[in-house]
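Trainee: Below are the structure tokens for one structure; questions will follow.
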Amino acid sequence: MQLGLGLTSLLASLVVAISAPELVDAAPLNRIAPVSRRAPGGMVTMPLKRIQQRDDLHPQLLLQQHINRSHRRLARMTGRDEPTKRDLENAIAKRMYHIEKRGESIEARFNRNGFSSSDLKANAKKGAVAAAKGKKKGKGAAAAAGAGAGAAAGAGAAAAAGSNASATATASAAAGSGTGISQIDVDAETNGGLTAANTPTGNNSLGLDIEANDVGYIATVQMGTPATDFKLLMDSGSADLWVGSADGCQSSAGGDCGNHTFLGTASSSSFVNTNTAWQITYGSGAVSGDIVTDNLVVAGLSLNAHTFGVATEETQDFSDDSVPFDGLMGLAQSTLSEQQTPTPVESLASAGLIDSATTSFKISRLADQANDGEITFGGLDSSKFDASTLTTIANVNTEGFWEAAVDSFSADGQDLGLTGRTAILDTGTTLIVAPADDAATVHAAIPGSQSDGQGGFTIPCTTSTSIALTMNGTSFAIDPRDLLFAPVDANDLTGDCVSGISSGSVGGANEWLVGDVFLKNAYFSTNVNTNQIQLAKLV
């Protein structure tokens with residue numbers, strides 16, 4: 001069976017946006033010396049916002065795009081060769097072929113979301129032609145939306161147009177015990193929109209807003225004089241801070257850097273350009289520009305003349321109007337920094353504004369409708385976790401990522417026999433990506449699971465199986481709801497769902513890339529000073 005012309009064009013446009021700007025091609029530098037401390041108690045938290053996922057694509061294509069990005073991310077983290085563009089193209093094409101072969105056409109998927117066959121082919125063709133010219137922009141293909149976010153495609157940047165802007169709060173949330181995937185999640189995947197966080201209850205805390213159905217995080221900080229709000233993508237898998245330049249930012253696809261907030265001499269009287277060139281690559285996206293100094297305020301704490309980057313050129317992955325953030329803040333260790341400068345959390349600790357270079361994450365789950373997520377700098381928010389379960393784990397990664405040894409894996413309390421594994425804990429990845437044999441072992445313990453033969457799996461949307469990772473003697477269970485990436489059929493929420501655990505084709509035989517599927521189930525904290533990770537069970 002061959003793909004038609006429309007689907008071939010669609011493939012071309014899909015590949016253009018095959019990776020979100022989540023992967024940093026960072027060369028390790030010398031580790032910085034431990035930063036100074038002050039009296040215990042100083043910490044600060046700030047809000048995060050979620051990045052929208054796409055539903056104008058078949059869930060299997062969304063899955064493959066997540067897998068592709070995860071493969072590239074894992075390769076960079078482990079120092080191995082990345083999959084080639086041809087590898088990624090072949091993976092998308094193969095999955096499209098199998099979708100068609102099973103009888104559910106991609107065009108039918110678009111039709112269910114309000115697109116005609118002619119719209120599909122026309123938009124796919126526009127995306128392919130524009131991609132070939134290097135000038136794809138606007139509705140031809142929305143840019144991919146960030147770390148772990150659903151990728152954009154040439155066909156259908158206007159997805160969800162005319163739909164409600166947010167998920168319906170009255171929809172029933174599945175408890176992961178036989179009721180099927182939450183309608184709230186399905187609506188959020190379709191419609192996108194922002195779910196606002198509740199007013200924080202802790203000191204120095206700011207709430208975390210959720211975009212769509214639990215994909216990616218954005219925090220708002222202030223930069224410049226006068227202080228201006230910037231939306232920054234938070235990523236524990238990179239170590240550089242940057243925003244677009246107000247003194248001229250060009251998109252590599254042509255034109256300016258879109259409808260974003262920019263920083264420069266035109267917007268800030270305290271802005272100083274060092275005229276030192278800087279550039280970084282994130283998967284299929286990249287930025288380049290100058291290293292600068294300016295004032296930075298993180299949840300009320302001021303870092304004057306902080307050193308970071310402004311981008312004078314961005315690929316469309318960042319410059320497109322559809323990208324909901326103005327820059328990125330990396331929260332790995334600064335040994336990864338391309339700018340060769342401390343991260344904001346390290347600088348806050350050096351200035352004595354927080355006790356230690358500690359970053360802590362409580363990731364909220366949309367289906368809970370609790371909206372209580374936060375990111376905390378300088379300590380741990382004890383109101384978010386059970387202190388009796390807090391465990392401290394050595395960071396086994398030598399390059400600046402956060403990686404923990406895993407004692408064992410289990411399914412409903414039954415040991416799966418997987419030992420000697422490590423987990424790279426990464427807020428910038430949506431899925432869990434495991435070595436192929438390990439992924440197969442895990443899914444064999446989930447009744448009703450099936451392999452798609454391409455690294456992905458389907459599981460019953462009604463599964464109640466709880467997969468758990470044990471680290472330093474403490475077992476952390478994944479809520480079965482978090483195993484449900486998306487329903488295979490949006491009209492059948494108790495049928496089959498695409499699994500949030502997939503197999504990886506790169507990385508070591510014992511290395512797992514563990515993203516939000518797991519991290520929504522634990523309080524996650526990192527400490528640069530001690531080079532340690534802490535995990536605790538949520539309350």
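Here's how to read the names in the structure tokens: chain A, B, ... by the order shown, residue numbers from 1 in each chain, ligand numbers from 1 in the order shown.
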Please run DSSP on the backbone and report, as a list in words, all residues within region 370-421 of chain A that come out as strand (DSSP E or B).
Mentor: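 Strand (DSSP E or B) members of region 370-421 of chain A, listed: Gly373, Glu374, Ile375, Thr376, Phe377, Phe385, Thr391, Thr392, Ile393, Ala394, Glu403, Ala404, Ala405, Val406, Ser408, Phe409, Ser410, Ala411, Gln414, Asp415 and Arg421 of chain A.
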Trainee: Write out the residues from the selection above, keeping C-alpha atoms, as an mmCIF file, in the first residue's frame.
Mentor:
```cif
data_model
loop_
_atom_site.group_PDB
_atom_site.id
_atom_site.type_symbol
_atom_site.label_atom_id
_atom_site.label_comp_id
_atom_site.auth_asym_id
_atom_site.auth_seq_id
_atom_site.Cartn_x
_atom_site.Cartn_y
_atom_site.Cartn_z
ATOM 1 C CA GLY A 373 1.788 22.994 40.720
ATOM 2 C CA GLU A 374 4.868 25.065 41.447
ATOM 3 C CA ILE A 375 8.584 25.354 40.957
ATOM 4 C CA THR A 376 10.622 26.342 44.008
ATOM 5 C CA PHE A 377 14.116 27.796 44.153
ATOM 6 C CA PHE A 385 5.003 16.126 49.954
ATOM 7 C CA THR A 391 14.772 10.202 49.922
ATOM 8 C CA THR A 392 18.118 11.597 48.809
ATOM 9 C CA ILE A 393 19.810 10.053 45.779
ATOM 10 C CA ALA A 394 23.245 10.676 44.322
ATOM 11 C CA GLU A 403 20.231 10.953 36.668
ATOM 12 C CA ALA A 404 19.388 8.501 39.466
ATOM 13 C CA ALA A 405 20.043 4.806 39.976
ATOM 14 C CA VAL A 406 16.846 2.711 39.976
ATOM 15 C CA SER A 408 13.844 -2.013 40.645
ATOM 16 C CA PHE A 409 10.649 -1.731 38.610
ATOM 17 C CA SER A 410 7.347 -3.339 39.550
ATOM 18 C CA ALA A 411 3.772 -3.730 38.328
ATOM 19 C CA GLN A 414 5.314 -7.570 41.477
ATOM 20 C CA ASP A 415 9.008 -7.149 40.711
ATOM 21 C CA ARG A 421 19.065 0.678 35.482
#
```
Trainee: Restricting the calculation to only C-alpha atoms: of A:Val221, A:Ile210, A:Val323, A:Ala332, which residue gets closest to Asp185 (chain A)?
Mentor: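 Nearest to Asp185 (chain A): A:Ile210.
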Trainee: Identify which of the residues A:Thr429, A:Ser451, A:Ser245, A:Gln279 lies closest to Phe518 (chain A), counting only C-alpha atoms when measuring atom-to-atom distances.
Mentor: A:Thr429
Trainee: Counting only C-alpha atoms, which of A:Gln250, A:Thr199, A:Ser302, A:Ser503 gets nearest to Gln222 (chain A)?
Mentor: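 Closest candidate: A:Ser302.
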Trainee: Apply DSSP to the structure's backbone, then extract all residues of region 308-515 of chain A labelled alpha helix (DSSP H) and return them as a list in words.
Mentor: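 So the alpha helix (DSSP H) residues in region 308-515 of chain A would be Gln316, Asp317, Phe318, Ser319, Pro344, Val345, Glu346, Ser347, Leu348, Ala349, Ser350, Ala436, Asp437, Asp438, Ala439, Ala440, Thr441, Val442, His443 and Ala444 of chain A.
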Trainee: So that I have them on file, write out the residues from the current selection with N, CA and C atoms, as a compact mmCIF listing (two decimals), in the first residue's frame.
Mentor:
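What landed in again09.txt:
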```
# COMPACT_ATOMS: atom_id res chain seq x y z
N GLN A 316 12.35 28.85 13.17
CA GLN A 316 10.91 29.05 13.30
C GLN A 316 10.33 28.28 14.49
N ASP A 317 11.06 27.28 14.98
CA ASP A 317 10.62 26.56 16.17
C ASP A 317 10.44 27.51 17.35
N PHE A 318 11.14 28.65 17.31
CA PHE A 318 11.02 29.66 18.38
C PHE A 318 10.34 30.94 17.90
N SER A 319 10.53 31.32 16.64
CA SER A 319 10.08 32.63 16.17
C SER A 319 8.61 32.68 15.78
N PRO A 344 20.40 30.85 36.73
CA PRO A 344 19.81 31.77 37.71
C PRO A 344 19.75 31.20 39.12
N VAL A 345 19.43 29.92 39.28
CA VAL A 345 19.35 29.37 40.63
C VAL A 345 20.73 29.35 41.28
N GLU A 346 21.77 29.09 40.50
CA GLU A 346 23.12 29.12 41.06
C GLU A 346 23.50 30.55 41.45
N SER A 347 23.11 31.52 40.64
CA SER A 347 23.41 32.92 40.94
C SER A 347 22.63 33.42 42.16
N LEU A 348 21.38 33.00 42.28
CA LEU A 348 20.60 33.37 43.46
C LEU A 348 21.27 32.86 44.74
N ALA A 349 21.79 31.63 44.68
CA ALA A 349 22.46 31.07 45.85
C ALA A 349 23.78 31.78 46.11
N SER A 350 24.54 32.10 45.07
CA SER A 350 25.82 32.79 45.23
C SER A 350 25.61 34.17 45.86
N ALA A 436 14.30 -1.12 24.54
CA ALA A 436 13.22 -1.90 23.92
C ALA A 436 12.81 -3.10 24.76
N ASP A 437 13.77 -3.87 25.23
CA ASP A 437 13.43 -5.06 26.02
C ASP A 437 12.75 -4.68 27.33
N ASP A 438 13.20 -3.59 27.94
CA ASP A 438 12.59 -3.16 29.20
C ASP A 438 11.15 -2.69 28.97
N ALA A 439 10.93 -1.93 27.89
CA ALA A 439 9.57 -1.47 27.60
C ALA A 439 8.64 -2.65 27.36
N ALA A 440 9.14 -3.67 26.67
CA ALA A 440 8.33 -4.85 26.41
C ALA A 440 8.01 -5.58 27.72
N THR A 441 8.98 -5.64 28.62
CA THR A 441 8.76 -6.30 29.92
C THR A 441 7.69 -5.57 30.72
N VAL A 442 7.76 -4.26 30.73
CA VAL A 442 6.78 -3.47 31.47
C VAL A 442 5.38 -3.69 30.90
N HIS A 443 5.25 -3.64 29.59
CA HIS A 443 3.92 -3.77 28.99
C HIS A 443 3.38 -5.19 29.07
N ALA A 444 4.26 -6.17 29.15
CA ALA A 444 3.79 -7.54 29.34
C ALA A 444 3.07 -7.70 30.67
```
Trainee: Could you check how far CA of Leu431 (chain A) sits from CA of Gln532 (chain A), in Å to one decimal?
Mentor: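 Straight-line distance from CA of Leu431 (chain A) to CA of Gln532 (chain A) works out to 23.1 Å.
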Trainee: Which value, in Å to one decimal, gives the distance between CA of Trp242 (chain A) and CA of Gly309 (chain A)?
Mentor: 4.5 Å
Trainee: In terms of the shortest atom-to-atom distance over only C-alpha atoms, which of A:Leu416, A:Gly455, A:Ser252, A:Ala351 is closest to Gln65 (chain A)?
Mentor: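 Comparing A:Leu416, A:Gly455, A:Ser252, A:Ala351 against Gln65 (chain A), the winner is A:Gly455.
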Trainee: Measure the distance from CA of Gly330 (chain A) to CA of Ala219 (chain A) in Å and round it to one decimal.
Mentor: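 Going from CA of Gly330 (chain A) over to CA of Ala219 (chain A) covers 11.8 Å.
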